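Asks: Next up, start_30.tsv (TSV, C-alpha atoms).
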```tsv
chain	number	residue	atom	x	y	z
J	234	MET	CA	96.05	86.54	6.41
J	235	SER	CA	93.20	87.50	8.69
J	236	ALA	CA	93.44	90.63	10.80
J	237	LEU	CA	94.05	90.30	14.49
J	238	PRO	CA	90.98	90.76	16.67
J	239	PRO	CA	90.79	94.08	18.49
J	240	PRO	CA	92.29	94.02	21.99
J	241	ILE	CA	89.88	93.43	24.82
J	242	PRO	CA	89.57	96.63	26.85
J	243	ALA	CA	90.76	96.43	30.43
J	244	PRO	CA	87.95	96.37	32.94
J	245	VAL	CA	87.23	99.74	34.49
J	246	ALA	CA	87.74	99.73	38.23
J	247	VAL	CA	84.51	100.67	39.95
J	248	PRO	CA	85.09	102.30	43.31
J	249	ALA	CA	83.56	100.38	46.17
J	250	PRO	CA	80.57	102.10	47.73
J	251	VAL	CA	81.33	103.94	50.93
J	252	ASN	CA	79.88	102.10	53.88
J	253	GLU	CA	78.71	104.67	56.41
J	254	GLN	CA	78.86	102.19	59.29
J	255	ASP	CA	82.46	101.26	58.46
J	256	LEU	CA	83.38	104.93	58.26
J	257	GLU	CA	81.77	105.60	61.64
J	258	ARG	CA	83.49	102.59	63.17
J	259	LYS	CA	86.86	103.73	61.84
J	260	THR	CA	86.23	107.24	63.20
J	261	VAL	CA	85.36	105.80	66.64
J	262	GLU	CA	88.52	103.70	66.62
J	263	LEU	CA	90.59	106.68	65.47
J	264	LEU	CA	89.15	108.89	68.19
J	265	HIS	CA	89.54	106.38	71.00
J	266	SER	CA	93.04	105.30	69.99
J	267	ALA	CA	94.14	108.89	69.42
J	268	HIS	CA	92.96	110.07	72.84
J	269	ASP	CA	96.15	109.09	74.66
J	270	ARG	CA	98.28	110.26	71.73
J	271	ILE	CA	96.65	113.70	71.86
J	272	LEU	CA	97.38	113.98	75.58
J	273	LYS	CA	100.96	112.84	74.93
J	274	GLU	CA	101.51	115.44	72.21
J	275	VAL	CA	100.01	118.30	74.25
J	276	SER	CA	102.05	117.24	77.30
J	277	LYS	CA	105.21	118.07	75.34
J	278	VAL	CA	104.52	121.72	76.13
J	279	ILE	CA	101.79	121.59	78.81
J	280	VAL	CA	102.54	119.97	82.17
J	281	GLY	CA	99.58	118.75	84.25
J	282	GLN	CA	96.15	120.32	83.67
J	283	LYS	CA	94.78	116.96	82.50
J	284	GLU	CA	91.18	117.84	83.38
J	285	VAL	CA	91.46	121.16	81.53
J	286	ILE	CA	92.83	119.44	78.41
J	287	GLU	CA	90.05	116.83	78.58
J	288	GLN	CA	87.38	119.51	78.72
J	289	MET	CA	88.95	121.42	75.83
J	290	LEU	CA	89.00	118.21	73.78
J	291	ILE	CA	85.32	117.63	74.55
J	292	ALA	CA	84.46	121.13	73.28
J	293	LEU	CA	86.46	120.67	70.07
J	294	LEU	CA	85.20	117.17	69.29
J	295	ALA	CA	81.60	118.21	69.97
J	296	GLY	CA	81.94	121.28	67.74
J	297	GLY	CA	81.42	123.83	70.53
J	298	HIS	CA	83.17	127.04	71.51
J	299	GLY	CA	85.16	127.32	74.74
J	300	LEU	CA	85.68	130.02	77.34
J	301	ILE	CA	88.87	129.71	79.41
J	302	THR	CA	89.12	131.53	82.72
J	303	GLY	CA	92.41	131.75	84.58
J	304	ALA	CA	95.08	134.04	85.97
J	305	PRO	CA	97.92	135.29	83.72
J	306	GLY	CA	100.86	132.99	83.08
J	307	LEU	CA	98.98	129.68	83.22
J	308	ALA	CA	99.65	128.79	79.55
J	309	LYS	CA	96.12	129.39	78.27
J	310	THR	CA	97.37	130.66	74.91
J	311	LEU	CA	99.97	127.91	74.61
J	312	LEU	CA	97.35	125.23	75.29
J	313	ILE	CA	95.02	126.50	72.55
J	314	ASN	CA	97.88	126.83	70.06
J	315	SER	CA	99.01	123.28	70.87
J	316	LEU	CA	95.53	121.87	70.25
J	317	ALA	CA	95.38	123.69	66.90
J	318	GLN	CA	98.64	121.97	65.91
J	319	VAL	CA	97.37	118.53	66.99
J	320	PHE	CA	94.28	118.93	64.80
J	321	SER	CA	96.13	120.55	61.83
J	322	LEU	CA	93.94	123.66	62.05
J	323	SER	CA	94.75	127.17	60.90
J	324	PHE	CA	95.17	129.32	64.00
J	325	ARG	CA	94.77	133.07	64.60
J	326	ARG	CA	95.22	134.97	67.84
J	327	ILE	CA	93.29	138.20	68.41
J	328	GLN	CA	94.43	140.33	71.34
J	329	PHE	CA	91.32	142.15	72.54
J	330	THR	CA	91.99	145.74	73.64
J	331	PRO	CA	89.72	148.69	74.47
J	332	ASP	CA	90.40	150.31	71.08
J	333	LEU	CA	89.73	147.21	68.95
J	334	MET	CA	87.05	147.75	66.30
J	335	PRO	CA	84.70	145.14	64.77
J	336	SER	CA	86.38	145.57	61.36
J	337	ASP	CA	89.70	144.61	62.96
J	338	ILE	CA	88.18	141.16	63.49
J	339	THR	CA	85.93	140.58	60.49
J	340	GLY	CA	87.91	142.48	57.86
J	341	THR	CA	87.30	145.65	55.88
J	342	GLU	CA	86.90	146.98	52.35
J	343	ILE	CA	89.84	148.95	50.97
J	344	LEU	CA	89.87	151.09	47.83
J	345	GLU	CA	92.40	149.55	45.43
J	346	GLU	CA	93.43	149.76	41.80
J	347	THR	CA	92.08	146.77	39.86
J	348	THR	CA	91.98	145.79	36.18
J	349	GLU	CA	88.61	147.53	35.97
J	350	GLY	CA	89.76	150.68	37.71
J	351	ARG	CA	89.41	151.67	41.32
J	352	ASP	CA	87.20	149.38	43.34
J	353	LEU	CA	86.52	148.36	46.92
J	354	VAL	CA	88.29	145.09	47.69
J	355	PHE	CA	87.43	143.11	50.82
J	356	HIS	CA	90.42	142.08	52.94
J	357	LYS	CA	89.62	139.24	55.31
J	358	GLY	CA	90.27	139.71	59.00
J	359	PRO	CA	91.72	137.20	61.47
J	360	ILE	CA	88.27	135.64	62.02
J	361	PHE	CA	88.85	133.67	58.79
J	362	ALA	CA	90.67	130.73	60.37
J	363	ASN	CA	89.69	127.35	61.82
J	364	MET	CA	90.58	128.18	65.41
J	365	ILE	CA	90.36	131.68	66.84
J	366	LEU	CA	91.94	132.62	70.15
J	367	ALA	CA	90.06	135.64	71.50
J	368	ASP	CA	92.60	136.66	74.11
J	369	GLU	CA	91.17	138.59	77.09
J	370	ILE	CA	87.81	139.00	75.41
J	371	ASN	CA	86.45	140.99	78.37
J	372	ARG	CA	88.88	143.85	77.67
J	373	THR	CA	87.12	145.10	74.56
J	374	PRO	CA	83.82	147.04	74.37
J	375	PRO	CA	80.48	145.25	73.73
J	376	LYS	CA	80.37	146.55	70.15
J	377	THR	CA	83.47	144.55	69.27
J	378	GLN	CA	82.49	141.57	71.40
J	379	ALA	CA	79.24	141.40	69.44
J	380	ALA	CA	81.21	141.05	66.20
J	381	LEU	CA	81.91	137.48	67.28
J	382	LEU	CA	78.25	136.59	67.84
J	383	GLU	CA	77.30	135.98	64.21
J	384	ALA	CA	80.52	134.08	63.56
J	385	MET	CA	80.03	131.85	66.62
J	386	GLN	CA	76.39	131.05	65.97
J	387	GLU	CA	76.06	131.14	62.18
J	388	HIS	CA	79.69	130.43	61.16
J	389	GLN	CA	79.58	133.43	58.83
J	390	VAL	CA	80.28	137.17	58.90
J	391	THR	CA	78.49	140.01	57.17
J	392	VAL	CA	80.46	143.04	55.99
J	393	ALA	CA	78.93	145.92	54.03
J	394	GLY	CA	75.84	143.84	53.33
J	395	GLN	CA	77.80	140.90	51.93
J	396	THR	CA	77.91	137.55	53.73
J	397	PHE	CA	81.09	135.48	53.87
J	398	VAL	CA	80.92	131.85	55.01
J	399	LEU	CA	83.71	130.75	57.34
J	400	GLU	CA	85.77	127.66	56.63
J	401	GLU	CA	84.83	124.56	58.62
J	402	PRO	CA	85.62	123.48	61.25
J	403	PHE	CA	85.39	126.78	63.10
J	404	PHE	CA	85.99	127.36	66.80
J	405	VAL	CA	86.24	130.40	69.03
J	406	LEU	CA	88.24	129.84	72.20
J	407	ALA	CA	88.21	132.93	74.38
J	408	THR	CA	90.22	133.69	77.52
J	409	GLN	CA	89.27	135.82	80.51
J	410	ASN	CA	91.43	137.17	83.30
J	411	PRO	CA	89.36	136.99	86.52
J	412	ILE	CA	91.78	139.10	88.57
J	413	GLU	CA	92.01	142.50	86.92
J	414	MET	CA	88.34	143.40	86.48
J	415	GLU	CA	88.84	147.18	86.49
J	416	GLY	CA	88.23	148.65	83.06
J	417	THR	CA	86.83	145.43	81.65
J	418	TYR	CA	83.53	144.73	79.88
J	419	PRO	CA	81.91	141.53	81.21
J	420	LEU	CA	80.36	139.46	78.46
J	421	PRO	CA	76.55	139.73	78.29
J	422	GLU	CA	74.55	136.61	79.12
J	423	ALA	CA	73.45	136.16	75.50
J	424	GLN	CA	77.06	135.87	74.36
J	425	LEU	CA	78.17	133.75	77.31
J	426	ASP	CA	75.45	131.27	76.39
J	427	ARG	CA	77.13	130.70	73.01
J	428	PHE	CA	80.10	129.07	74.69
J	429	MET	CA	79.66	125.35	75.26
J	430	LEU	CA	82.06	125.18	78.23
J	431	ASN	CA	83.70	127.54	80.67
J	432	VAL	CA	87.00	125.87	81.55
J	433	VAL	CA	88.79	127.14	84.66
J	434	ILE	CA	92.59	126.85	84.79
J	435	ASP	CA	94.05	126.91	88.27
J	436	TYR	CA	97.61	127.07	89.57
J	437	LEU	CA	99.74	123.93	89.28
J	438	ALA	CA	100.75	121.72	92.17
J	439	GLU	CA	104.33	122.21	93.40
J	440	ASP	CA	105.76	119.13	91.64
J	441	GLU	CA	104.11	120.09	88.35
J	442	GLU	CA	105.34	123.69	88.61
J	443	VAL	CA	108.87	122.41	89.28
J	444	ALA	CA	108.59	120.30	86.13
J	445	VAL	CA	107.44	123.34	84.12
J	446	VAL	CA	110.28	125.53	85.35
J	447	THR	CA	112.85	122.79	84.74
J	448	GLN	CA	111.55	121.96	81.29
J	449	THR	CA	111.23	125.53	80.01
J	450	THR	CA	114.62	126.70	81.29
J	451	SER	CA	116.72	123.77	80.13
J	452	ARG	CA	115.69	122.89	76.59
J	453	LYS	CA	113.46	123.79	73.70
J	454	ALA	CA	110.08	122.04	73.65
J	455	GLU	CA	109.64	119.17	71.21
J	456	PRO	CA	107.55	119.96	68.13
J	457	ILE	CA	103.95	118.80	68.26
J	458	GLN	CA	102.97	116.22	65.66
J	459	PRO	CA	99.53	116.56	64.02
J	460	ILE	CA	97.23	113.59	64.64
J	461	PHE	CA	93.88	114.68	63.20
J	462	SER	CA	92.86	116.67	60.15
J	463	GLY	CA	90.00	119.13	59.84
J	464	GLU	CA	88.03	116.51	57.90
J	465	ASP	CA	88.53	113.99	60.72
J	466	LEU	CA	87.22	116.58	63.16
J	467	LEU	CA	84.10	117.21	61.09
J	468	ARG	CA	83.41	113.45	60.98
J	469	CYS	CA	83.79	113.35	64.76
J	470	HIS	CA	81.12	116.06	65.09
J	471	GLU	CA	78.65	113.92	63.16
J	472	LEU	CA	79.68	110.77	65.00
J	473	VAL	CA	79.17	112.29	68.44
J	474	LYS	CA	75.58	113.21	67.61
J	475	LYS	CA	74.84	109.55	66.78
J	476	VAL	CA	76.01	108.18	70.13
J	477	PRO	CA	72.95	106.56	71.79
J	478	ILE	CA	71.70	107.92	75.08
J	479	ALA	CA	68.87	106.63	77.27
J	480	GLU	CA	65.88	108.88	77.80
J	481	GLU	CA	66.35	108.77	81.57
J	482	VAL	CA	69.86	110.22	81.18
J	483	VAL	CA	68.52	113.00	78.94
J	484	ARG	CA	65.81	113.72	81.51
J	485	TYR	CA	68.45	113.92	84.25
J	486	ALA	CA	70.39	116.52	82.20
J	487	VAL	CA	67.19	118.52	81.70
J	488	ARG	CA	66.28	118.33	85.42
J	489	LEU	CA	69.80	119.44	86.35
J	490	ALA	CA	69.59	122.50	84.11
J	491	SER	CA	66.02	123.38	85.09
J	492	ALA	CA	66.88	123.08	88.80
J	493	THR	CA	69.11	126.17	88.39
J	494	ARG	CA	66.10	128.35	87.57
J	495	PRO	CA	64.83	130.07	90.73
J	496	HIS	CA	61.17	130.02	91.73
J	497	ARG	CA	60.34	127.27	89.26
J	498	GLU	CA	58.80	123.90	90.01
J	499	HIS	CA	61.28	121.54	91.72
J	500	ALA	CA	63.87	124.32	92.20
J	501	PRO	CA	65.76	123.65	95.48
J	502	ASP	CA	65.42	126.18	98.29
J	503	PHE	CA	69.09	127.17	98.07
J	504	VAL	CA	68.65	128.03	94.37
J	505	ASN	CA	65.69	130.26	95.20
J	506	GLU	CA	67.81	131.91	97.87
J	507	TRP	CA	71.09	132.41	95.98
J	508	VAL	CA	70.37	132.52	92.23
J	509	ASN	CA	69.07	135.47	90.23
J	510	TRP	CA	69.05	133.76	86.86
J	511	GLY	CA	69.47	130.14	85.82
J	512	ALA	CA	70.56	128.18	82.77
J	513	GLY	CA	68.48	127.92	79.59
J	514	THR	CA	67.75	125.07	77.23
J	515	ARG	CA	71.14	125.33	75.55
J	516	ALA	CA	72.70	124.12	78.82
J	517	SER	CA	70.69	120.88	78.61
J	518	GLN	CA	71.77	120.41	75.01
J	519	TYR	CA	75.45	120.89	75.84
J	520	LEU	CA	75.24	118.57	78.85
J	521	VAL	CA	74.00	115.80	76.56
J	522	LEU	CA	76.40	116.61	73.71
J	523	GLY	CA	79.35	116.84	76.07
J	524	GLY	CA	78.30	113.60	77.74
J	525	LYS	CA	78.25	111.84	74.38
J	526	THR	CA	81.73	113.12	73.55
J	527	ARG	CA	83.11	112.05	76.92
J	528	ALA	CA	81.67	108.57	76.43
J	529	VAL	CA	83.35	108.19	73.03
J	530	LEU	CA	86.69	109.42	74.39
J	531	GLN	CA	86.51	106.76	77.07
J	532	GLY	CA	85.67	104.05	74.52
J	533	ARG	CA	82.05	103.59	75.56
J	534	ALA	CA	79.09	103.26	73.19
J	535	HIS	CA	76.57	104.87	75.53
J	536	VAL	CA	76.23	107.83	77.90
J	537	ASN	CA	75.79	107.37	81.63
J	538	PHE	CA	74.86	109.64	84.54
J	539	ASP	CA	78.51	110.20	85.46
J	540	ASP	CA	79.14	111.79	82.05
J	541	ILE	CA	76.44	114.38	82.75
J	542	LYS	CA	77.75	115.03	86.27
J	543	ALA	CA	81.30	115.49	84.99
J	544	LEU	CA	80.12	118.19	82.57
J	545	ALA	CA	77.91	120.02	85.08
J	546	ARG	CA	80.47	122.59	86.23
J	547	PRO	CA	82.01	123.61	82.87
J	548	VAL	CA	78.57	123.75	81.21
J	549	LEU	CA	76.67	125.57	83.95
J	550	ARG	CA	79.19	127.85	85.67
J	551	HIS	CA	78.95	130.71	83.13
J	552	ARG	CA	75.17	130.40	82.82
J	553	LEU	CA	74.25	131.08	86.46
J	554	GLN	CA	73.92	134.54	87.92
J	555	LEU	CA	74.24	134.60	91.72
J	556	ASN	CA	72.69	137.36	93.81
J	557	TYR	CA	74.15	139.59	96.52
J	558	ARG	CA	73.04	137.19	99.27
J	559	ALA	CA	75.15	134.37	97.81
J	560	GLU	CA	78.13	136.71	97.57
J	561	ALA	CA	77.66	137.84	101.17
J	562	GLU	CA	77.55	134.23	102.37
J	563	GLY	CA	80.65	133.25	100.40
J	564	VAL	CA	78.79	130.98	97.97
J	565	THR	CA	80.59	130.42	94.66
J	566	VAL	CA	79.13	129.17	91.42
J	567	ASP	CA	81.17	125.96	91.59
J	568	SER	CA	80.09	125.20	95.15
J	569	LEU	CA	76.45	125.79	94.21
J	570	ILE	CA	76.73	123.42	91.21
J	571	ALA	CA	78.35	120.76	93.41
J	572	LYS	CA	75.43	121.09	95.85
J	573	LEU	CA	73.03	120.89	92.92
J	574	VAL	CA	74.56	117.65	91.62
J	575	GLN	CA	74.15	116.12	95.08
J	576	THR	CA	70.55	117.33	95.36
J	577	VAL	CA	68.97	116.58	91.97
J	578	PRO	CA	67.89	112.90	91.89
J	579	LEU	CA	68.99	110.61	89.07
J	580	HIS	CA	65.40	109.51	88.58
J	581	PRO	CA	62.27	111.68	88.84
J	582	VAL	CA	60.63	111.64	92.25
J	583	ALA	CA	57.17	110.10	92.15
J	584	LYS	CA	54.41	112.57	92.93
```
The structure in this file should be written as structure tokens.

Replies:
Amino acid sequence: MSALPPPIPAPVAVPAPVNEQDLERKTVELLHSAHDRILKEVSKVIVGQKEVIEQMLIALLAGGHGLITGAPGLAKTLLINSLAQVFSLSFRRIQFTPDLMPSDITGTEILEETTEGRDLVFHKGPIFANMILADEINRTPPKTQAALLEAMQEHQVTVAGQTFVLEEPFFVLATQNPIEMEGTYPLPEAQLDRFMLNVVIDYLAEDEEVAVVTQTTSRKAEPIQPIFSGEDLLRCHELVKKVPIAEEVVRYAVRLASATRPHREHAPDFVNEWVNWGAGTRASQYLVLGGKTRAVLQGRAHVNFDDIKALARPVLRHRLQLNYRAEAEGVTVDSLIAKLVQTVPLHPVAK
């Protein structure tokens, strides 16, 4: 009797190659479809402030850091914590105080008993998280403020000569209280420039404040459901950079930023009169990057002039330094930017 033939091996499943275009398309669809869901989840605990939430989303989806300016009690901390939950990000809150030291943020080496005897062991500080809330950042001295600079720009920290890479995605969202300025340490221009947007939170309208009071005094807020993951967010960062933009729109963003620089070519007379220092090149970059993100959120495949205009105030307001004459005449940064948007032409003026 002849032996049975050996069994035929089952075919090995070969994974299908990843199609980058399909992945990008799925990310666009995820982002656009999730936009309303994100607003719905955040609105479980935050009433109103739609423009503020939109601007915070733009910063996160573009991979930029955010500065939030507003009076106490306007739910700045709650908003940031809610966004961290929506994006499934690890969250740490650092309360900045005058006695805070850099090592309190980055971490420190502690002498401990190990298997090899006594040795210095590095204990990570709160900076090692995906989303950092730097609460009242202007209340701590410049030495401690500067500890954030390397982390914000390089996404790493250096302690005792050793470099530690931070986990991606990484965001710093800092808050400032514009009322109590006594005993504070205003952020230097070099550090302010690291923030993509300066988002201003104002008081709620009466109906919205009634809704807040009613909601918070009658029941416990519903839990926020995560919608995105950190990996989704990193894909969004790459996707946003690939959004097409016409050269004329880029040139408009550049002209808008350069028009803030006093005594330069094409600077308006009111800028020469009221501004000490204007915005740098990073402002132009963030205008374009923010415009791309806004376009994707609205389901568009291209950037238009309105996207750049909408980002003008949050991108430029912390990059302009007004002089004493502007202060004496009651000119604010926001009113100057509004005047600038009306003045700078969409297309270059022929010479």

Asks: Using all atoms listed in the file, find the one residue out of J:Asn371, J:Asn556, J:Ser266, J:Gln318 that sits nearest to J:Thr417.

Replies: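 Of all the options, J:Asn371 lies closest to J:Thr417.
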
Asks: Within 12 Å of stretch 496-514 of chain J, which residues of stretch 372-475 of chain J come that close, and what is the closest atom pair and distance in Å for each? Count all atoms listed in the file and give it as a tab-separated table.

Replies:
```
residue	atom	partner	partner_atom	distance
J:Glu422	CA	J:Trp510	CA	9.9
J:Ala423	CA	J:Gly513	CA	10.5
J:Leu425	CA	J:Ala512	CA	10.9
J:Asp426	CA	J:Gly513	CA	8.4
J:Arg427	CA	J:Gly513	CA	11.2
```

Asks: Do you have the atom CA of J:Lys525-atom CA of J:His470 distance handy?

Replies: 10.6 Å

Asks: Give me, as JSON lines, each residue of stretch 424-479 of chain J that comes within 8 Å of stretch 530-541 of chain J, together with its shortest interatomic pair and the distance in Å at one decimal, counting all atoms listed in the file, with rows ordered by chain and rising residue number.

Replies:
```
{"residue": "J:Val476", "atom": "CA", "partner": "J:His535", "partner_atom": "CA", "distance": 6.4}
{"residue": "J:Pro477", "atom": "CA", "partner": "J:His535", "partner_atom": "CA", "distance": 5.5}
{"residue": "J:Ile478", "atom": "CA", "partner": "J:Val536", "partner_atom": "CA", "distance": 5.3}
{"residue": "J:Ala479", "atom": "CA", "partner": "J:Val536", "partner_atom": "CA", "distance": 7.5}
```

Asks: Distance atom CA of J:Thr377-atom CA of J:Pro547, one decimal place?

Replies: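 These two atoms are separated by 25.0 Å.
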
Asks: Report, in Å to a single decimal, how far apart atom CA of J:Gln328 and atom CA of J:Ala384 are.

Replies: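 Taking atom CA of J:Ala384 and atom CA of J:Gln328, their separation equals 17.1 Å.
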
Asks: Select, from J:Lys475, J:His268, J:Lys273, J:His551, the residue with the minimum atom-to-atom distance to J:Ile291, counting all atoms listed in the file.

Replies: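 Of the candidates, the smallest distance to J:Ile291 is held by J:His268.
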
Asks: Only N, CA and C atoms needed: put stretch 384-397 of chain J from the block into a file as a PDB file, in the first residue's frame.

Replies:
```
ATOM      1  N   ALA J 384      11.760  71.704  25.713  1.00  0.00           N
ATOM      2  CA  ALA J 384      10.692  70.719  25.540  1.00  0.00           C
ATOM      3  C   ALA J 384       9.732  71.143  24.432  1.00  0.00           C
ATOM      4  N   MET J 385       9.388  72.430  24.373  1.00  0.00           N
ATOM      5  CA  MET J 385       8.442  72.921  23.383  1.00  0.00           C
ATOM      6  C   MET J 385       9.019  72.879  21.982  1.00  0.00           C
ATOM      7  N   GLN J 386      10.287  73.220  21.835  1.00  0.00           N
ATOM      8  CA  GLN J 386      10.884  73.323  20.516  1.00  0.00           C
ATOM      9  C   GLN J 386      11.460  71.995  20.028  1.00  0.00           C
ATOM     10  N   GLU J 387      12.167  71.294  20.922  1.00  0.00           N
ATOM     11  CA  GLU J 387      12.891  70.087  20.517  1.00  0.00           C
ATOM     12  C   GLU J 387      12.177  68.806  20.923  1.00  0.00           C
ATOM     13  N   HIS J 388      11.122  68.904  21.740  1.00  0.00           N
ATOM     14  CA  HIS J 388      10.404  67.733  22.255  1.00  0.00           C
ATOM     15  C   HIS J 388      11.358  66.789  22.996  1.00  0.00           C
ATOM     16  N   GLN J 389      12.235  67.391  23.792  1.00  0.00           N
ATOM     17  CA  GLN J 389      13.159  66.625  24.611  1.00  0.00           C
ATOM     18  C   GLN J 389      13.583  67.494  25.792  1.00  0.00           C
ATOM     19  N   VAL J 390      14.125  66.855  26.836  1.00  0.00           N
ATOM     20  CA  VAL J 390      14.662  67.599  27.973  1.00  0.00           C
ATOM     21  C   VAL J 390      16.049  67.058  28.276  1.00  0.00           C
ATOM     22  N   THR J 391      16.893  67.925  28.794  1.00  0.00           N
ATOM     23  CA  THR J 391      18.248  67.535  29.151  1.00  0.00           C
ATOM     24  C   THR J 391      18.446  67.763  30.644  1.00  0.00           C
ATOM     25  N   VAL J 392      18.811  66.701  31.349  1.00  0.00           N
ATOM     26  CA  VAL J 392      19.025  66.761  32.792  1.00  0.00           C
ATOM     27  C   VAL J 392      20.377  66.134  33.091  1.00  0.00           C
ATOM     28  N   ALA J 393      21.226  66.895  33.773  1.00  0.00           N
ATOM     29  CA  ALA J 393      22.561  66.414  34.158  1.00  0.00           C
ATOM     30  C   ALA J 393      23.330  65.880  32.957  1.00  0.00           C
ATOM     31  N   GLY J 394      23.204  66.560  31.828  1.00  0.00           N
ATOM     32  CA  GLY J 394      23.942  66.194  30.636  1.00  0.00           C
ATOM     33  C   GLY J 394      23.355  65.047  29.846  1.00  0.00           C
ATOM     34  N   GLN J 395      22.243  64.488  30.302  1.00  0.00           N
ATOM     35  CA  GLN J 395      21.600  63.381  29.608  1.00  0.00           C
ATOM     36  C   GLN J 395      20.295  63.856  28.981  1.00  0.00           C
ATOM     37  N   THR J 396      20.081  63.475  27.713  1.00  0.00           N
ATOM     38  CA  THR J 396      18.894  63.913  26.981  1.00  0.00           C
ATOM     39  C   THR J 396      17.823  62.825  27.010  1.00  0.00           C
ATOM     40  N   PHE J 397      16.596  63.249  27.308  1.00  0.00           N
ATOM     41  CA  PHE J 397      15.463  62.334  27.335  1.00  0.00           C
ATOM     42  C   PHE J 397      14.433  62.821  26.321  1.00  0.00           C
TER      43      PHE J 397
END
```
